Amino acid sequence: MAEIHHLTYGAVNPVVSYVIAFVGSLLGLVCTARARAARHRRRRSRWLVLAAITIGGAAVWLMHFTAMFGFDVPESPVRYGPGLTVASLVVAVVTVGAGLFVVGRGEANGGRIVLGGLLTGAGIVAMHYTGMAAVRVAGRIEYDPALVGASTLVAVTGATAALWLVVAVRGWRAVIGGAFVLGLAVCGMHYTGMAAMRIRLWTPGETRVEGLSPRC
């Protein structure tokens, strides 16, 4: 197994990543609250689209790749496939958006909150592992199924709790609390998922790795 570094620059990456996740979540949950208060369907939909972009695009996708600046494999170059990197952004926005549309429209009940939390959490997980599928190293990447399951549980539980605070409790304190929880869920899911990673290097000398360098 290859040696893997997740905190190459110390606490800088996780701290900055959480700030990004919190701010993106805060903006997205504010948009979600505005959507629920809107009387017109088109206006509600516009708020929810903005919420999907800020949560899926910033809180999830941007947080992920900010945290990935701290990822390094000393025995191998690290590159990224551009196609899957872009696809991970689309997956995040669309799937998280589906969850937000469930809770942002109609009666606020437990079933909607749970379904919205499942979809939003699934969007966080799908973005992470699609983004990780874009990673190119001089070896084969594997995952510990138990930790993958744990990362999924973290994402779904945190997303559900955050949406419950915004939809059922309401108010600025609930929105800020929801952003705090969702930020923790996004970061917790990311680092739990990274802990699940294992890399089996190819034979020595096979180090040619195609893709974009994160440091170019």
# chains A, B, ... in the order shown; residues from 1 in each chain; ligands from 1
$ residues_around --residues "A:Phe180" --least-positions-apart "2" --cutoff "9 Å" --atoms "only C-alpha atoms" --output "number ranges by chain"
A: 21-23, 25-26, 162, 175-178, 182-185
$ write_last_selection --atoms "C-alpha atoms" --output "PDB file, in the first residue's frame"
ATOM      1  CA  ALA A  21     -18.487  24.731   3.227  1.00  0.00           C
ATOM      2  CA  PHE A  22     -20.064  26.892   5.949  1.00  0.00           C
ATOM      3  CA  VAL A  23     -20.393  30.034   3.810  1.00  0.00           C
ATOM      4  CA  SER A  25     -24.210  26.242   3.080  1.00  0.00           C
ATOM      5  CA  LEU A  26     -25.300  29.493   4.732  1.00  0.00           C
ATOM      6  CA  ALA A 162     -29.693  21.022   8.399  1.00  0.00           C
ATOM      7  CA  VAL A 175     -30.351  28.923   9.301  1.00  0.00           C
ATOM      8  CA  ILE A 176     -26.952  29.621  10.863  1.00  0.00           C
ATOM      9  CA  GLY A 177     -27.175  26.410  12.884  1.00  0.00           C
ATOM     10  CA  GLY A 178     -28.130  24.509   9.749  1.00  0.00           C
ATOM     11  CA  LEU A 182     -24.181  21.059   6.927  1.00  0.00           C
ATOM     12  CA  GLY A 183     -20.617  22.406   6.772  1.00  0.00           C
ATOM     13  CA  LEU A 184     -19.558  19.777   9.306  1.00  0.00           C
ATOM     14  CA  ALA A 185     -21.382  17.095   7.323  1.00  0.00           C
TER      15      ALA A 185
END
$ select_by_dssp --residues "stretch 21-169 of chain A" --states "strand (DSSP E)" --output "list in words"
Arg79, Tyr80, Val135, Arg136, Gly139, Arg140, Ile141, Glu142 and Tyr143 of chain A
$ write_last_selection --atoms "N, CA and C atoms" --output "PDB file, in the first residue's frame"
ATOM      1  N   ARG A  79      -2.724  13.548 -10.484  1.00  0.00           N
ATOM      2  CA  ARG A  79      -3.334  14.312 -11.568  1.00  0.00           C
ATOM      3  C   ARG A  79      -4.850  14.144 -11.511  1.00  0.00           C
ATOM      4  N   TYR A  80      -5.552  14.978 -12.291  1.00  0.00           N
ATOM      5  CA  TYR A  80      -7.017  14.929 -12.309  1.00  0.00           C
ATOM      6  C   TYR A  80      -7.525  14.880 -13.749  1.00  0.00           C
ATOM      7  N   VAL A 135      -9.310  11.342  -9.944  1.00  0.00           N
ATOM      8  CA  VAL A 135      -7.923  11.338  -9.469  1.00  0.00           C
ATOM      9  C   VAL A 135      -7.116  10.280 -10.223  1.00  0.00           C
ATOM     10  N   ARG A 136      -5.950  10.676 -10.688  1.00  0.00           N
ATOM     11  CA  ARG A 136      -5.053   9.768 -11.396  1.00  0.00           C
ATOM     12  C   ARG A 136      -3.739   9.653 -10.629  1.00  0.00           C
ATOM     13  N   GLY A 139      -1.082   3.952  -9.768  1.00  0.00           N
ATOM     14  CA  GLY A 139      -1.533   2.769  -9.057  1.00  0.00           C
ATOM     15  C   GLY A 139      -3.042   2.642  -9.120  1.00  0.00           C
ATOM     16  N   ARG A 140      -3.582   1.713  -8.357  1.00  0.00           N
ATOM     17  CA  ARG A 140      -5.024   1.466  -8.327  1.00  0.00           C
ATOM     18  C   ARG A 140      -5.599   1.968  -7.003  1.00  0.00           C
ATOM     19  N   ILE A 141      -6.671   2.745  -7.083  1.00  0.00           N
ATOM     20  CA  ILE A 141      -7.322   3.285  -5.884  1.00  0.00           C
ATOM     21  C   ILE A 141      -8.443   2.344  -5.458  1.00  0.00           C
ATOM     22  N   GLU A 142      -8.435   1.980  -4.176  1.00  0.00           N
ATOM     23  CA  GLU A 142      -9.476   1.133  -3.605  1.00  0.00           C
ATOM     24  C   GLU A 142     -10.076   1.832  -2.382  1.00  0.00           C
ATOM     25  N   TYR A 143     -11.226   1.324  -1.925  1.00  0.00           N
ATOM     26  CA  TYR A 143     -11.895   1.940  -0.778  1.00  0.00           C
ATOM     27  C   TYR A 143     -12.355   0.882   0.220  1.00  0.00           C
TER      28      TYR A 143
END
$ atom_distance --atom1 "atom CA of A:Leu115" --atom2 "atom CA of A:Gly171"
21.9 Å
$ residues_around --residues "A:Ala2" --least-positions-apart "2" --cutoff "7 Å" --atoms "only C-alpha atoms" --output "list in words"
Ile4, Ile199, Arg200 and Leu201 of chain A
$ write_last_selection --atoms "N, CA and C atoms" --output "PDB file, in the first residue's frame"
ATOM      1  N   ILE A   4      -0.128   7.752   2.024  1.00  0.00           N
ATOM      2  CA  ILE A   4      -1.023   8.814   1.569  1.00  0.00           C
ATOM      3  C   ILE A   4      -1.006   9.945   2.583  1.00  0.00           C
ATOM      4  N   ILE A 199      -4.290   2.878  -1.806  1.00  0.00           N
ATOM      5  CA  ILE A 199      -3.668   2.922  -3.125  1.00  0.00           C
ATOM      6  C   ILE A 199      -2.641   1.802  -3.242  1.00  0.00           C
ATOM      7  N   ARG A 200      -2.823   0.972  -4.260  1.00  0.00           N
ATOM      8  CA  ARG A 200      -1.845  -0.074  -4.582  1.00  0.00           C
ATOM      9  C   ARG A 200      -1.039   0.403  -5.779  1.00  0.00           C
ATOM     10  N   LEU A 201       0.229   0.705  -5.555  1.00  0.00           N
ATOM     11  CA  LEU A 201       1.074   1.243  -6.613  1.00  0.00           C
ATOM     12  C   LEU A 201       1.393   0.196  -7.668  1.00  0.00           C
TER      13      LEU A 201
END
$ select_by_dssp --residues "stretch 21-198 of chain A" --states "alpha helix (DSSP H)" --output "number ranges by chain"
A: 21-37, 41-52, 63-67, 82-104, 110-133, 145-164, 172-195
$ residues_around --residues "A:Arg44" --least-positions-apart "3" --cutoff "8 Å" --atoms "only C-alpha atoms" --output "PyMOL selection string"
chain A and resi 34-41+47-48+104-105
$ write_last_selection --atoms "N, CA, C and O atoms" --output "PDB file, in the first residue's frame"
ATOM      1  N   ARG A  34     -35.830  31.540   1.708  1.00  0.00           N
ATOM      2  CA  ARG A  34     -36.518  32.526   0.873  1.00  0.00           C
ATOM      3  C   ARG A  34     -37.487  31.843  -0.090  1.00  0.00           C
ATOM      4  O   ARG A  34     -38.572  32.356  -0.379  1.00  0.00           O
ATOM      5  N   ALA A  35     -37.075  30.701  -0.618  1.00  0.00           N
ATOM      6  CA  ALA A  35     -37.936  29.960  -1.541  1.00  0.00           C
ATOM      7  C   ALA A  35     -39.227  29.536  -0.854  1.00  0.00           C
ATOM      8  O   ALA A  35     -40.313  29.636  -1.428  1.00  0.00           O
ATOM      9  N   ARG A  36     -39.119  29.062   0.374  1.00  0.00           N
ATOM     10  CA  ARG A  36     -40.314  28.619   1.087  1.00  0.00           C
ATOM     11  C   ARG A  36     -41.240  29.793   1.404  1.00  0.00           C
ATOM     12  O   ARG A  36     -42.450  29.617   1.521  1.00  0.00           O
ATOM     13  N   ALA A  37     -40.665  30.983   1.538  1.00  0.00           N
ATOM     14  CA  ALA A  37     -41.482  32.163   1.840  1.00  0.00           C
ATOM     15  C   ALA A  37     -42.081  32.795   0.584  1.00  0.00           C
ATOM     16  O   ALA A  37     -43.015  33.604   0.683  1.00  0.00           O
ATOM     17  N   ALA A  38     -41.548  32.457  -0.585  1.00  0.00           N
ATOM     18  CA  ALA A  38     -42.029  33.062  -1.832  1.00  0.00           C
ATOM     19  C   ALA A  38     -43.436  32.579  -2.161  1.00  0.00           C
ATOM     20  O   ALA A  38     -43.774  31.413  -1.964  1.00  0.00           O
ATOM     21  N   ARG A  39     -44.252  33.472  -2.671  1.00  0.00           N
ATOM     22  CA  ARG A  39     -45.642  33.129  -3.001  1.00  0.00           C
ATOM     23  C   ARG A  39     -45.814  32.649  -4.427  1.00  0.00           C
ATOM     24  O   ARG A  39     -46.761  31.931  -4.731  1.00  0.00           O
ATOM     25  N   HIS A  40     -44.914  33.049  -5.296  1.00  0.00           N
ATOM     26  CA  HIS A  40     -45.036  32.688  -6.709  1.00  0.00           C
ATOM     27  C   HIS A  40     -44.105  31.531  -7.040  1.00  0.00           C
ATOM     28  O   HIS A  40     -42.959  31.500  -6.593  1.00  0.00           O
ATOM     29  N   ARG A  41     -44.602  30.626  -7.855  1.00  0.00           N
ATOM     30  CA  ARG A  41     -43.867  29.412  -8.167  1.00  0.00           C
ATOM     31  C   ARG A  41     -42.533  29.693  -8.863  1.00  0.00           C
ATOM     32  O   ARG A  41     -41.515  29.074  -8.538  1.00  0.00           O
ATOM     33  N   TRP A  47     -35.100  30.823  -6.458  1.00  0.00           N
ATOM     34  CA  TRP A  47     -34.372  30.754  -5.190  1.00  0.00           C
ATOM     35  C   TRP A  47     -33.768  29.369  -4.981  1.00  0.00           C
ATOM     36  O   TRP A  47     -32.645  29.232  -4.492  1.00  0.00           O
ATOM     37  N   LEU A  48     -34.521  28.342  -5.358  1.00  0.00           N
ATOM     38  CA  LEU A  48     -34.035  26.978  -5.160  1.00  0.00           C
ATOM     39  C   LEU A  48     -32.883  26.644  -6.108  1.00  0.00           C
ATOM     40  O   LEU A  48     -31.970  25.900  -5.734  1.00  0.00           O
ATOM     41  N   GLY A 104     -38.211  22.514  -0.497  1.00  0.00           N
ATOM     42  CA  GLY A 104     -38.477  23.934  -0.735  1.00  0.00           C
ATOM     43  C   GLY A 104     -39.857  24.222  -1.262  1.00  0.00           C
ATOM     44  O   GLY A 104     -40.269  25.381  -1.337  1.00  0.00           O
ATOM     45  N   ARG A 105     -40.589  23.181  -1.621  1.00  0.00           N
ATOM     46  CA  ARG A 105     -41.935  23.364  -2.174  1.00  0.00           C
ATOM     47  C   ARG A 105     -42.904  22.442  -1.449  1.00  0.00           C
ATOM     48  O   ARG A 105     -42.556  21.347  -1.047  1.00  0.00           O
TER      49      ARG A 105
END
$ closest_residue --among "A:Ala67, A:Val167, A:Val148, A:Val12" --to "A:Ala108" --atoms "only C-alpha atoms"
A:Val167
